[in-house]
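This is start-v2.cif (mmCIF, C-alpha atoms (C1' of nucleotides)).
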data_data
#
loop_
_atom_site.group_PDB
_atom_site.id
_atom_site.type_symbol
_atom_site.label_atom_id
_atom_site.label_comp_id
_atom_site.auth_asym_id
_atom_site.auth_seq_id
_atom_site.Cartn_x
_atom_site.Cartn_y
_atom_site.Cartn_z
ATOM 1 C CA MET A 12 -8.077 -4.309 25.852
ATOM 2 C CA ARG A 13 -4.451 -3.390 25.523
ATOM 3 C CA SER A 14 -4.563 0.193 26.829
ATOM 4 C CA ASP A 15 -6.931 3.083 27.478
ATOM 5 C CA CYS A 16 -6.019 4.772 24.196
ATOM 6 C CA PRO A 17 -9.030 5.303 21.918
ATOM 7 C CA VAL A 18 -7.163 4.137 18.827
ATOM 8 C CA SER A 19 -6.098 0.992 20.620
ATOM 9 C CA TYR A 20 -9.661 0.475 21.849
ATOM 10 C CA ALA A 21 -10.996 0.619 18.303
ATOM 11 C CA LEU A 22 -8.291 -1.695 17.001
ATOM 12 C CA ASP A 23 -9.216 -4.281 19.599
ATOM 13 C CA PHE A 24 -12.459 -4.667 17.636
ATOM 14 C CA PHE A 25 -11.164 -4.747 14.071
ATOM 15 C CA GLY A 26 -7.369 -4.584 14.145
ATOM 16 C CA ASP A 27 -6.853 -7.812 12.263
ATOM 17 C CA LYS A 28 -6.759 -9.034 8.716
ATOM 18 C CA TRP A 29 -10.449 -9.852 8.195
ATOM 19 C CA THR A 30 -12.898 -8.194 10.588
ATOM 20 C CA PHE A 31 -13.051 -4.887 8.781
ATOM 21 C CA LEU A 32 -13.624 -6.562 5.435
ATOM 22 C CA VAL A 33 -16.679 -8.285 6.898
ATOM 23 C CA ILE A 34 -17.909 -4.898 8.128
ATOM 24 C CA ARG A 35 -17.346 -3.492 4.646
ATOM 25 C CA ASP A 36 -19.427 -6.326 3.173
ATOM 26 C CA LEU A 37 -22.241 -5.536 5.580
ATOM 27 C CA LEU A 38 -22.085 -1.872 4.611
ATOM 28 C CA GLU A 39 -22.342 -2.902 0.989
ATOM 29 C CA GLY A 40 -25.558 -4.707 1.826
ATOM 30 C CA LYS A 41 -24.388 -8.296 2.159
ATOM 31 C CA LYS A 42 -26.539 -10.250 4.588
ATOM 32 C CA PHE A 43 -25.789 -13.963 4.462
ATOM 33 C CA TYR A 44 -22.844 -16.146 5.301
ATOM 34 C CA LYS A 45 -22.410 -17.260 1.701
ATOM 35 C CA ASP A 46 -22.406 -13.607 0.576
ATOM 36 C CA PHE A 47 -19.366 -12.891 2.741
ATOM 37 C CA LEU A 48 -17.709 -16.072 1.556
ATOM 38 C CA GLY A 49 -18.178 -14.878 -2.014
ATOM 39 C CA SER A 50 -16.136 -11.706 -1.530
ATOM 40 C CA LYS A 51 -13.097 -11.334 -3.714
ATOM 41 C CA GLU A 52 -10.578 -11.576 -0.886
ATOM 42 C CA GLY A 53 -11.577 -15.187 -0.169
ATOM 43 C CA ILE A 54 -12.105 -15.556 3.559
ATOM 44 C CA ALA A 55 -12.018 -19.085 4.983
ATOM 45 C CA THR A 56 -15.161 -20.556 6.519
ATOM 46 C CA ASN A 57 -13.723 -20.989 9.995
ATOM 47 C CA ILE A 58 -12.383 -17.431 10.078
ATOM 48 C CA LEU A 59 -15.656 -15.973 8.860
ATOM 49 C CA SER A 60 -17.622 -17.916 11.431
ATOM 50 C CA ASP A 61 -15.309 -16.768 14.179
ATOM 51 C CA ARG A 62 -15.409 -13.097 13.157
ATOM 52 C CA LEU A 63 -19.180 -12.960 12.843
ATOM 53 C CA LYS A 64 -19.431 -14.469 16.292
ATOM 54 C CA LYS A 65 -17.060 -11.932 17.808
ATOM 55 C CA LEU A 66 -18.711 -9.011 16.043
ATOM 56 C CA GLU A 67 -22.037 -10.119 17.455
ATOM 57 C CA VAL A 68 -20.654 -10.514 20.973
ATOM 58 C CA ASN A 69 -19.165 -7.025 20.651
ATOM 59 C CA GLY A 70 -22.479 -5.487 19.626
ATOM 60 C CA ILE A 71 -21.381 -4.446 16.144
ATOM 61 C CA VAL A 72 -23.439 -7.054 14.294
ATOM 62 C CA GLU A 73 -26.749 -8.753 15.007
ATOM 63 C CA SER A 74 -28.296 -11.804 13.389
ATOM 64 C CA LYS A 75 -31.634 -13.522 13.089
ATOM 65 C CA VAL A 76 -32.956 -16.593 11.332
ATOM 66 C CA TYR A 77 -34.126 -15.808 7.822
ATOM 67 C CA GLU A 78 -37.788 -16.800 7.953
ATOM 68 C CA LYS A 79 -38.176 -17.581 4.281
ATOM 69 C CA LEU A 80 -35.423 -20.170 4.495
ATOM 70 C CA LYS A 81 -34.620 -21.219 7.997
ATOM 71 C CA THR A 82 -31.209 -22.661 7.230
ATOM 72 C CA MET A 83 -30.066 -19.132 6.484
ATOM 73 C CA LYS A 84 -29.049 -16.570 9.053
ATOM 74 C CA GLN A 85 -29.445 -12.895 8.257
ATOM 75 C CA TYR A 86 -26.724 -10.580 9.517
ATOM 76 C CA SER A 87 -26.869 -6.819 9.841
ATOM 77 C CA LEU A 88 -25.031 -3.939 11.478
ATOM 78 C CA THR A 89 -26.227 -2.507 14.762
ATOM 79 C CA PRO A 90 -26.135 1.278 15.252
ATOM 80 C CA LYS A 91 -22.706 0.762 16.808
ATOM 81 C CA GLY A 92 -21.637 -0.961 13.606
ATOM 82 C CA LYS A 93 -23.103 1.700 11.349
ATOM 83 C CA ASP A 94 -21.126 4.292 13.275
ATOM 84 C CA LEU A 95 -18.030 2.768 11.724
ATOM 85 C CA ILE A 96 -19.053 4.200 8.365
ATOM 86 C CA PRO A 97 -16.927 7.363 8.716
ATOM 87 C CA ILE A 98 -13.856 5.211 9.223
ATOM 88 C CA VAL A 99 -14.633 3.263 6.076
ATOM 89 C CA VAL A 100 -15.196 6.503 4.227
ATOM 90 C CA GLU A 101 -11.826 7.883 5.250
ATOM 91 C CA MET A 102 -10.095 4.667 4.299
ATOM 92 C CA MET A 103 -11.694 4.899 0.871
ATOM 93 C CA ALA A 104 -10.671 8.513 0.494
ATOM 94 C CA TRP A 105 -7.099 7.687 1.428
ATOM 95 C CA SER A 106 -6.932 4.750 -0.974
ATOM 96 C CA ALA A 107 -8.430 6.806 -3.762
ATOM 97 C CA LYS A 108 -5.693 9.359 -3.314
ATOM 98 C CA TYR A 109 -2.806 6.916 -3.358
ATOM 99 C CA LYS A 110 -3.906 4.071 -5.591
ATOM 100 C CA THR A 111 -4.794 4.662 -9.201
ATOM 101 C CA GLY A 112 -7.561 2.714 -10.840
ATOM 102 C CA LEU A 113 -9.664 1.970 -7.783
ATOM 103 C CA ALA A 114 -13.391 1.787 -8.344
ATOM 104 C CA ILE A 115 -14.701 4.740 -6.356
ATOM 105 C CA ARG A 116 -17.232 7.149 -7.731
ATOM 106 C CA ARG A 117 -15.980 10.664 -8.320
ATOM 107 C CA ASP A 118 -19.035 12.409 -6.928
ATOM 108 C CA PHE A 119 -18.722 10.437 -3.711
ATOM 109 C CA LEU A 120 -15.125 11.448 -3.285
ATOM 110 C CA ASP A 121 -15.840 15.101 -3.942
ATOM 111 C CA LYS A 122 -18.331 15.121 -1.099
ATOM 112 C CA VAL A 123 -15.838 13.575 1.243
ATOM 113 C CA GLU A 124 -12.960 15.802 0.288
ATOM 114 C CA ASN A 125 -14.151 19.012 1.926
ATOM 115 C CA ASN A 126 -14.829 17.321 5.225
ATOM 116 C CA ARG A 127 -11.482 15.658 5.115
ATOM 117 C CA ALA A 128 -9.527 18.818 4.378
ATOM 118 C CA GLN A 129 -11.175 20.527 7.320
ATOM 119 C CA LEU A 130 -10.408 17.604 9.603
ATOM 120 C CA ILE A 131 -6.746 17.633 8.646
ATOM 121 C CA ARG A 132 -6.477 21.328 9.445
ATOM 122 C CA ASN A 133 -8.147 20.805 12.806
ATOM 123 C CA ILE A 134 -5.841 18.027 13.829
ATOM 124 C CA GLU A 135 -2.627 19.489 12.519
ATOM 125 C CA ALA A 136 -3.378 22.594 14.536
ATOM 126 C CA ARG A 137 -3.622 20.416 17.621
ATOM 127 C CA LEU A 138 -0.375 18.626 16.899
ATOM 128 C CA ALA A 139 1.669 21.731 16.134
ATOM 129 C CA MET B 27 -2.942 -6.827 -2.608
ATOM 130 C CA ARG B 28 -5.976 -8.964 -2.018
ATOM 131 C CA SER B 29 -8.471 -7.162 -4.273
ATOM 132 C CA ASP B 30 -9.127 -3.863 -6.029
ATOM 133 C CA CYS B 31 -11.459 -2.680 -3.250
ATOM 134 C CA PRO B 32 -10.299 0.576 -1.649
ATOM 135 C CA VAL B 33 -10.977 -0.678 1.873
ATOM 136 C CA SER B 34 -8.964 -3.802 1.183
ATOM 137 C CA TYR B 35 -6.198 -1.689 -0.327
ATOM 138 C CA ALA B 36 -5.955 0.405 2.827
ATOM 139 C CA LEU B 37 -6.031 -2.654 5.070
ATOM 140 C CA ASP B 38 -3.105 -4.140 3.172
ATOM 141 C CA PHE B 39 -1.056 -1.323 4.722
ATOM 142 C CA PHE B 40 -2.295 -1.391 8.291
ATOM 143 C CA GLY B 41 -4.781 -4.249 8.703
ATOM 144 C CA ASP B 42 -2.874 -5.966 11.471
ATOM 145 C CA LYS B 43 -2.472 -5.720 15.193
ATOM 146 C CA TRP B 44 0.396 -3.237 15.397
ATOM 147 C CA THR B 45 0.974 -1.059 12.344
ATOM 148 C CA PHE B 46 -1.725 1.450 13.135
ATOM 149 C CA LEU B 47 -0.524 1.847 16.705
ATOM 150 C CA VAL B 48 2.902 2.825 15.363
ATOM 151 C CA ILE B 49 1.219 5.379 13.111
ATOM 152 C CA ARG B 50 -0.683 6.693 16.120
ATOM 153 C CA ASP B 51 2.604 7.074 18.024
ATOM 154 C CA LEU B 52 4.073 9.044 15.138
ATOM 155 C CA LEU B 53 1.018 11.293 15.088
ATOM 156 C CA GLU B 54 1.487 11.876 18.789
ATOM 157 C CA GLY B 55 4.989 13.094 18.055
ATOM 158 C CA LYS B 56 7.071 10.043 18.866
ATOM 159 C CA LYS B 57 10.234 9.902 16.807
ATOM 160 C CA PHE B 58 12.612 7.219 18.015
ATOM 161 C CA TYR B 59 12.575 3.451 18.204
ATOM 162 C CA LYS B 60 12.709 3.467 21.982
ATOM 163 C CA ASP B 61 9.741 5.866 22.080
ATOM 164 C CA PHE B 62 7.568 3.351 20.230
ATOM 165 C CA LEU B 63 8.839 0.566 22.460
ATOM 166 C CA GLY B 64 7.747 2.569 25.458
ATOM 167 C CA SER B 65 4.094 2.716 24.411
ATOM 168 C CA LYS B 66 1.616 1.194 26.805
ATOM 169 C CA GLU B 67 0.609 -1.656 24.511
ATOM 170 C CA GLY B 68 4.104 -3.158 24.679
ATOM 171 C CA ILE B 69 5.198 -3.983 21.133
ATOM 172 C CA ALA B 70 8.047 -6.487 20.750
ATOM 173 C CA THR B 71 11.345 -5.349 19.259
ATOM 174 C CA ASN B 72 11.222 -7.654 16.257
ATOM 175 C CA ILE B 73 7.656 -6.637 15.379
ATOM 176 C CA LEU B 74 8.431 -2.944 15.715
ATOM 177 C CA SER B 75 11.506 -3.264 13.546
ATOM 178 C CA ASP B 76 9.522 -5.128 10.919
ATOM 179 C CA ARG B 77 6.621 -2.662 10.886
ATOM 180 C CA LEU B 78 8.841 0.407 10.641
ATOM 181 C CA LYS B 79 10.619 -1.212 7.720
ATOM 182 C CA LYS B 80 7.376 -1.978 5.907
ATOM 183 C CA LEU B 81 5.944 1.463 6.585
ATOM 184 C CA GLU B 82 9.062 2.993 5.097
ATOM 185 C CA VAL B 83 8.969 0.748 2.037
ATOM 186 C CA ASN B 84 5.316 1.694 1.574
ATOM 187 C CA GLY B 85 6.066 5.400 1.704
ATOM 188 C CA ILE B 86 4.114 6.114 4.877
ATOM 189 C CA VAL B 87 7.150 6.700 7.079
ATOM 190 C CA GLU B 88 10.611 8.093 6.431
ATOM 191 C CA SER B 89 13.710 7.972 8.590
ATOM 192 C CA LYS B 90 17.068 9.627 8.926
ATOM 193 C CA VAL B 91 20.024 9.394 11.253
ATOM 194 C CA TYR B 92 19.672 11.719 14.240
ATOM 195 C CA GLU B 93 22.710 13.910 13.886
ATOM 196 C CA LYS B 94 23.054 14.799 17.561
ATOM 197 C CA LEU B 95 23.358 11.128 18.457
ATOM 198 C CA LYS B 96 24.165 8.917 15.527
ATOM 199 C CA THR B 97 23.041 5.672 17.102
ATOM 200 C CA MET B 98 19.504 7.006 16.971
ATOM 201 C CA LYS B 99 17.261 7.001 13.943
ATOM 202 C CA GLN B 100 14.569 9.617 13.634
ATOM 203 C CA TYR B 101 11.274 8.504 12.161
ATOM 204 C CA SER B 102 8.507 10.696 10.807
ATOM 205 C CA LEU B 103 5.364 10.492 8.700
ATOM 206 C CA THR B 104 5.446 11.343 5.021
ATOM 207 C CA PRO B 105 2.533 13.321 3.532
ATOM 208 C CA LYS B 106 1.001 9.949 2.644
ATOM 209 C CA GLY B 107 1.238 9.001 6.297
ATOM 210 C CA LYS B 108 -0.205 12.283 7.523
ATOM 211 C CA ASP B 109 -3.167 11.725 5.243
ATOM 212 C CA LEU B 110 -4.123 8.864 7.555
ATOM 213 C CA ILE B 111 -5.037 11.403 10.233
ATOM 214 C CA PRO B 112 -8.743 11.482 9.330
ATOM 215 C CA ILE B 113 -8.936 7.733 9.825
ATOM 216 C CA VAL B 114 -7.370 8.079 13.257
ATOM 217 C CA VAL B 115 -9.769 10.875 14.066
ATOM 218 C CA GLU B 116 -12.785 8.793 13.156
ATOM 219 C CA MET B 117 -11.506 5.871 15.177
ATOM 220 C CA MET B 118 -11.151 8.168 18.154
ATOM 221 C CA ALA B 119 -14.621 9.564 17.672
ATOM 222 C CA TRP B 120 -16.091 6.062 17.484
ATOM 223 C CA SER B 121 -14.243 4.922 20.589
ATOM 224 C CA ALA B 122 -15.275 8.023 22.478
ATOM 225 C CA LYS B 123 -18.893 7.236 21.722
ATOM 226 C CA TYR B 124 -18.807 3.619 22.840
ATOM 227 C CA LYS B 125 -16.225 3.484 25.594
ATOM 228 C CA THR B 126 -16.632 5.488 28.748
ATOM 229 C CA GLY B 127 -13.629 6.957 30.461
ATOM 230 C CA LEU B 128 -11.325 7.312 27.477
ATOM 231 C CA ALA B 129 -8.945 10.233 27.562
ATOM 232 C CA ILE B 130 -10.132 12.397 24.684
ATOM 233 C CA ARG B 131 -10.602 16.106 25.011
ATOM 234 C CA ARG B 132 -14.169 17.306 24.767
ATOM 235 C CA ASP B 133 -13.416 20.290 22.544
ATOM 236 C CA PHE B 134 -11.664 18.056 20.080
ATOM 237 C CA LEU B 135 -14.622 15.727 19.837
ATOM 238 C CA ASP B 136 -17.077 18.570 19.371
ATOM 239 C CA LYS B 137 -15.153 19.723 16.328
ATOM 240 C CA VAL B 138 -15.185 16.282 14.859
ATOM 241 C CA GLU B 139 -18.832 15.601 15.516
ATOM 242 C CA ASN B 140 -20.331 17.920 12.919
ATOM 243 C CA ASN B 141 -18.156 16.544 10.159
ATOM 244 C CA ARG B 142 -18.989 13.042 11.182
ATOM 245 C CA ALA B 143 -22.733 13.563 11.263
ATOM 246 C CA GLN B 144 -22.625 15.012 7.767
ATOM 247 C CA LEU B 145 -20.552 12.104 6.507
ATOM 248 C CA ILE B 146 -22.987 9.576 7.898
ATOM 249 C CA ARG B 147 -25.884 11.286 6.178
ATOM 250 C CA ASN B 148 -24.015 11.339 2.870
ATOM 251 C CA ILE B 149 -23.173 7.692 2.981
ATOM 252 C CA GLU B 150 -26.453 6.410 4.282
ATOM 253 C CA ALA B 151 -28.153 8.220 1.420
ATOM 254 C CA ARG B 152 -25.929 6.294 -0.972
ATOM 255 C CA LEU B 153 -26.630 2.962 0.671
ATOM 256 C CA ALA B 154 -30.404 3.369 0.833
ATOM 257 C "C1'" DT C 5 -36.467 -40.767 2.278
ATOM 258 C "C1'" DT C 6 -33.200 -38.990 -0.861
ATOM 259 C "C1'" DG C 7 -30.575 -35.420 -2.319
ATOM 260 C "C1'" DC C 8 -29.453 -30.675 -1.985
ATOM 261 C "C1'" DT C 9 -28.166 -26.221 0.177
ATOM 262 C "C1'" DC C 10 -26.489 -23.651 3.814
ATOM 263 C "C1'" DA C 11 -24.076 -22.610 8.020
ATOM 264 C "C1'" DC C 12 -21.011 -24.011 10.399
ATOM 265 C "C1'" DT C 13 -17.021 -27.392 12.823
ATOM 266 C "C1'" DT C 14 -12.847 -30.195 12.966
ATOM 267 C "C1'" DG C 15 -8.111 -31.514 12.189
ATOM 268 C "C1'" DC C 16 -3.999 -30.387 10.365
ATOM 269 C "C1'" DT C 17 -0.317 -27.361 8.170
ATOM 270 C "C1'" DT C 18 1.684 -22.954 7.522
ATOM 271 C "C1'" DT C 19 2.378 -18.305 8.788
ATOM 272 C "C1'" DT C 20 2.585 -14.698 12.103
ATOM 273 C "C1'" DT C 21 3.311 -13.133 16.709
ATOM 274 C "C1'" DG C 22 5.525 -13.031 21.271
ATOM 275 C "C1'" DC C 23 9.383 -13.379 24.144
ATOM 276 C "C1'" DA C 24 14.203 -13.646 25.675
ATOM 277 C "C1'" DA C 25 18.678 -13.369 24.639
ATOM 278 C "C1'" DG C 26 22.037 -11.852 21.699
ATOM 279 C "C1'" DT C 27 24.805 -8.510 18.354
ATOM 280 C "C1'" DT C 28 26.613 -4.269 16.345
ATOM 281 C "C1'" DA C 29 27.623 0.557 16.202
ATOM 282 C "C1'" DG C 30 28.233 5.154 18.141
ATOM 283 C "C1'" DT C 31 29.542 7.931 22.518
ATOM 284 C "C1'" DG C 32 31.499 9.689 26.524
ATOM 285 C "C1'" DA C 33 34.534 9.115 30.431
ATOM 286 C "C1'" DT C 34 39.068 7.352 32.046
ATOM 287 C "C1'" DA D 28 42.803 3.346 23.266
ATOM 288 C "C1'" DT D 29 39.718 0.789 25.969
ATOM 289 C "C1'" DC D 30 35.683 0.322 28.733
ATOM 290 C "C1'" DA D 31 31.124 0.786 29.996
ATOM 291 C "C1'" DC D 32 26.805 2.254 28.297
ATOM 292 C "C1'" DT D 33 22.976 3.068 25.273
ATOM 293 C "C1'" DA D 34 20.231 2.551 21.197
ATOM 294 C "C1'" DA D 35 18.701 -0.069 17.326
ATOM 295 C "C1'" DC D 36 18.141 -3.882 15.729
ATOM 296 C "C1'" DT D 37 18.627 -9.571 14.864
ATOM 297 C "C1'" DT D 38 18.091 -14.418 16.006
ATOM 298 C "C1'" DG D 39 15.990 -18.626 17.723
ATOM 299 C "C1'" DC D 40 12.372 -20.828 19.508
ATOM 300 C "C1'" DA D 41 7.581 -21.375 21.507
ATOM 301 C "C1'" DA D 42 2.737 -20.001 21.174
ATOM 302 C "C1'" DA D 43 -1.084 -18.228 18.708
ATOM 303 C "C1'" DA D 44 -3.550 -17.194 14.602
ATOM 304 C "C1'" DA D 45 -4.624 -18.023 9.774
ATOM 305 C "C1'" DG D 46 -5.312 -21.114 5.809
ATOM 306 C "C1'" DC D 47 -6.978 -25.290 3.774
ATOM 307 C "C1'" DA D 48 -9.697 -29.483 3.028
ATOM 308 C "C1'" DA D 49 -12.905 -32.396 4.547
ATOM 309 C "C1'" DG D 50 -16.619 -33.253 7.374
ATOM 310 C "C1'" DT D 51 -21.428 -32.604 10.036
ATOM 311 C "C1'" DG D 52 -26.209 -31.475 11.011
ATOM 312 C "C1'" DA D 53 -30.354 -28.896 10.188
ATOM 313 C "C1'" DG D 54 -33.878 -27.457 6.995
ATOM 314 C "C1'" DC D 55 -36.179 -27.980 2.570
ATOM 315 C "C1'" DA D 56 -38.050 -29.789 -1.885
ATOM 316 C "C1'" DA D 57 -39.379 -33.775 -4.835
#
Kindly transcribe the structure held in the file into structure tokens.
Amino acid sequence: MRSDCPVSYALDFFGDKWTFLVIRDLLEGKKFYKDFLGSKEGIATNILSDRLKKLEVNGIVESKVYEKLKTMKQYSLTPKGKDLIPIVVEMMAWSAKYKTGLAIRRDFLDKVENNRAQLIRNIEARLA
Amino acid sequence: MRSDCPVSYALDFFGDKWTFLVIRDLLEGKKFYKDFLGSKEGIATNILSDRLKKLEVNGIVESKVYEKLKTMKQYSLTPKGKDLIPIVVEMMAWSAKYKTGLAIRRDFLDKVENNRAQLIRNIEARLA
DNA sequence: TTGCTCACTTGCTTTTTGCAAGTTAGTGAT
DNA sequence: ATCACTAACTTGCAAAAAGCAAGTGAGCAA
């Protein structure tokens, strides 16, 4: 841990190039090692292995042997991991605003937008 | 850009060890190079210089010469940068939940919590 | 028992980060 | 005008992390 700042604390978990993309994959329902490997960004096997390990140690991910095929390990998010969803949501909302042509559903964004507008007002009031 | 995924798009801007901490500093009201250098995490001068440059190129930060003392450059967030506030907020909320003893004001968190709970319900409904 | 899949590991190269020591430009005092 | 001082970088090199290709070992199916 680099400091007692909450932002810094969070970044110690996923402030690197790959960890958050693995979390995204898990949120999208991916479960197995090869699923993560198949993602468009193209993570390397050693990096993926390392990140899954760290996420598990940090209590964000848990894994168990897949009983139907014991060579496979099934990964999933813990409650602590699922609590990262709002961060993902806000990243998506931000990207949708500033990048044209991204594949995000309109109805999803509309739902987010009201919450987001309120949040911005809250925080800007604090900063003023 | 590594893919057309919105999460990946966002991470291309700040998916590294330092960029988001600089954004946090700006949100906290820091303006000058030496202010960022003074942050508790201890960023190196070359990294800071590089990140400020990239943030400016990416339209998240803007800078101008500080007229009262022309050796100093004054940095600030653009609207695009300020729109990252909700992400910061959600990071803080997550950290507050999982790390004891972090310095976040209670009243601030209470405000955030309702929005967050609603967001989680929205998204989990989508994922089910 | 052979061959296949899957989840890793290993060894090596390239890129990024970290650190210390400059360099350049404005400023204020002499 | 020159000197000391400060602020914002830049440079060079060492250390760490990421990227890539080629293994390895454990289950499974024929």
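Proximity to chain A was assessed for D:DT51, D:DG39, D:DA56, D:DG46 counting all atoms listed in the file; the smallest distance is recorded for D:DG46.
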Could you give me, as a Markdown table, every chain C residue with an atom at most 9 Å from chain A, plus its closest atom pair and distance in Å to one decimal, counting only C-alpha atoms (C1' of nucleotides), rows ordered by chain then number?
| residue | atom | partner | partner_atom | distance |
| --- | --- | --- | --- | --- |
| C:DT9 | C1' | A:Thr82 | CA | 8.5 |
| C:DC10 | C1' | A:Thr82 | CA | 5.9 |
| C:DA11 | C1' | A:Met83 | CA | 7.1 |
| C:DC12 | C1' | A:Ser60 | CA | 7.0 |
| C:DT13 | C1' | A:Asn57 | CA | 7.7 |
Per-residue nearest contacts chain B to chain A, cut-off 7 Å, using all atoms listed in the file, as a Markdown table:
| residue | atom | partner | partner_atom | distance |
| --- | --- | --- | --- | --- |
| B:Arg28 | CA | A:Glu52 | CA | 5.4 |
| B:Ser29 | CA | A:Glu52 | CA | 5.9 |
| B:Asp30 | CA | A:Leu113 | CA | 6.1 |
| B:Cys31 | CA | A:Leu113 | CA | 6.7 |
| B:Pro32 | CA | A:Met103 | CA | 5.2 |
| B:Val33 | CA | A:Met103 | CA | 5.7 |
| B:Ser34 | CA | A:Leu32 | CA | 6.9 |
| B:Tyr35 | CA | A:Ser106 | CA | 6.5 |
| B:Ala36 | CA | A:Ser106 | CA | 5.9 |
| B:Gly41 | CA | A:Lys28 | CA | 5.2 |
| B:Asp42 | CA | A:Asp27 | CA | 4.5 |
| B:Lys43 | CA | A:Gly26 | CA | 5.1 |
| B:Leu47 | CA | A:Ser19 | CA | 6.9 |
| B:Lys66 | CA | A:Ser14 | CA | 6.3 |
| B:Glu67 | CA | A:Arg13 | CA | 5.4 |
| B:Asp109 | CA | A:Trp105 | CA | 6.8 |
| B:Leu110 | CA | A:Trp105 | CA | 6.9 |
| B:Ile111 | CA | A:Ile131 | CA | 6.7 |
| B:Pro112 | CA | A:Glu101 | CA | 6.3 |
| B:Ile113 | CA | A:Glu101 | CA | 5.4 |
| B:Val114 | CA | A:Val18 | CA | 6.8 |
| B:Glu116 | CA | A:Ile98 | CA | 5.4 |
| B:Met117 | CA | A:Val18 | CA | 5.9 |
| B:Met118 | CA | A:Pro17 | CA | 5.2 |
| B:Trp120 | CA | A:Asp94 | CA | 6.8 |
| B:Ser121 | CA | A:Pro17 | CA | 5.4 |
| B:Ala122 | CA | A:Pro17 | CA | 6.8 |
| B:Leu128 | CA | A:Asp15 | CA | 6.1 |
| B:Asn141 | CA | A:Asn126 | CA | 6.0 |
| B:Arg142 | CA | A:Pro97 | CA | 6.5 |
| B:Leu145 | CA | A:Pro97 | CA | 6.4 |
| B:Ile146 | CA | A:Pro97 | CA | 6.5 |
Residues matched by the PyMOL selection byres ((chain D) within 10 of (chain B)), written as an NGL selection string:
:D and (33-38)
Selected residue, from D:DC47, D:DC55, D:DA41, D:DA28, that lies nearest to DT18 (chain C) when counting only C-alpha atoms (C1' of nucleotides)
D:DC47
Would you mind reading off the distance between C1' of DT14 (chain C) and CA of Ile54 (chain A), one decimal, in Å?
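Computing it gives 17.4 Å between the two atoms.
Applied to the file shown here, the PyMOL selection byres ((chain C and resi 20-28) around 8) selects the residues Ala70 and Ile73 of chain B; DT19 and DA29 of chain C; DT37, DT38, DA42, DA43 and DA44 of chain D.
When CA of Ser87 (chain A) is paired with CA of Lys41 (chain A), their separation reads 8.2 Å.
Taking all atoms listed in the file, the non-local environment of Lys42 (chain A) within 10 Å (same-chain residues fewer than 5 positions away omitted) comprises Asp36, Leu37, Phe47, Ser74, Tyr77, Met83, Lys84, Gln85, Tyr86, Ser87 and Leu88 of chain A.
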Need to verify the contact set: Leu66 (chain A), 10 Å, all atoms listed in the file, exclusion of same-chain residues closer than 2 positions in sequence. Can you return it as a ChimeraX atom specification?
/A:24-25,30,33-34,61-64,68-73,88,92
What does the distance from CA of Thr104 (chain B) to CA of Leu63 (chain B) come to in Å, to one decimal?
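We find that CA of Thr104 (chain B) and CA of Leu63 (chain B) lie 20.8 Å from each other.
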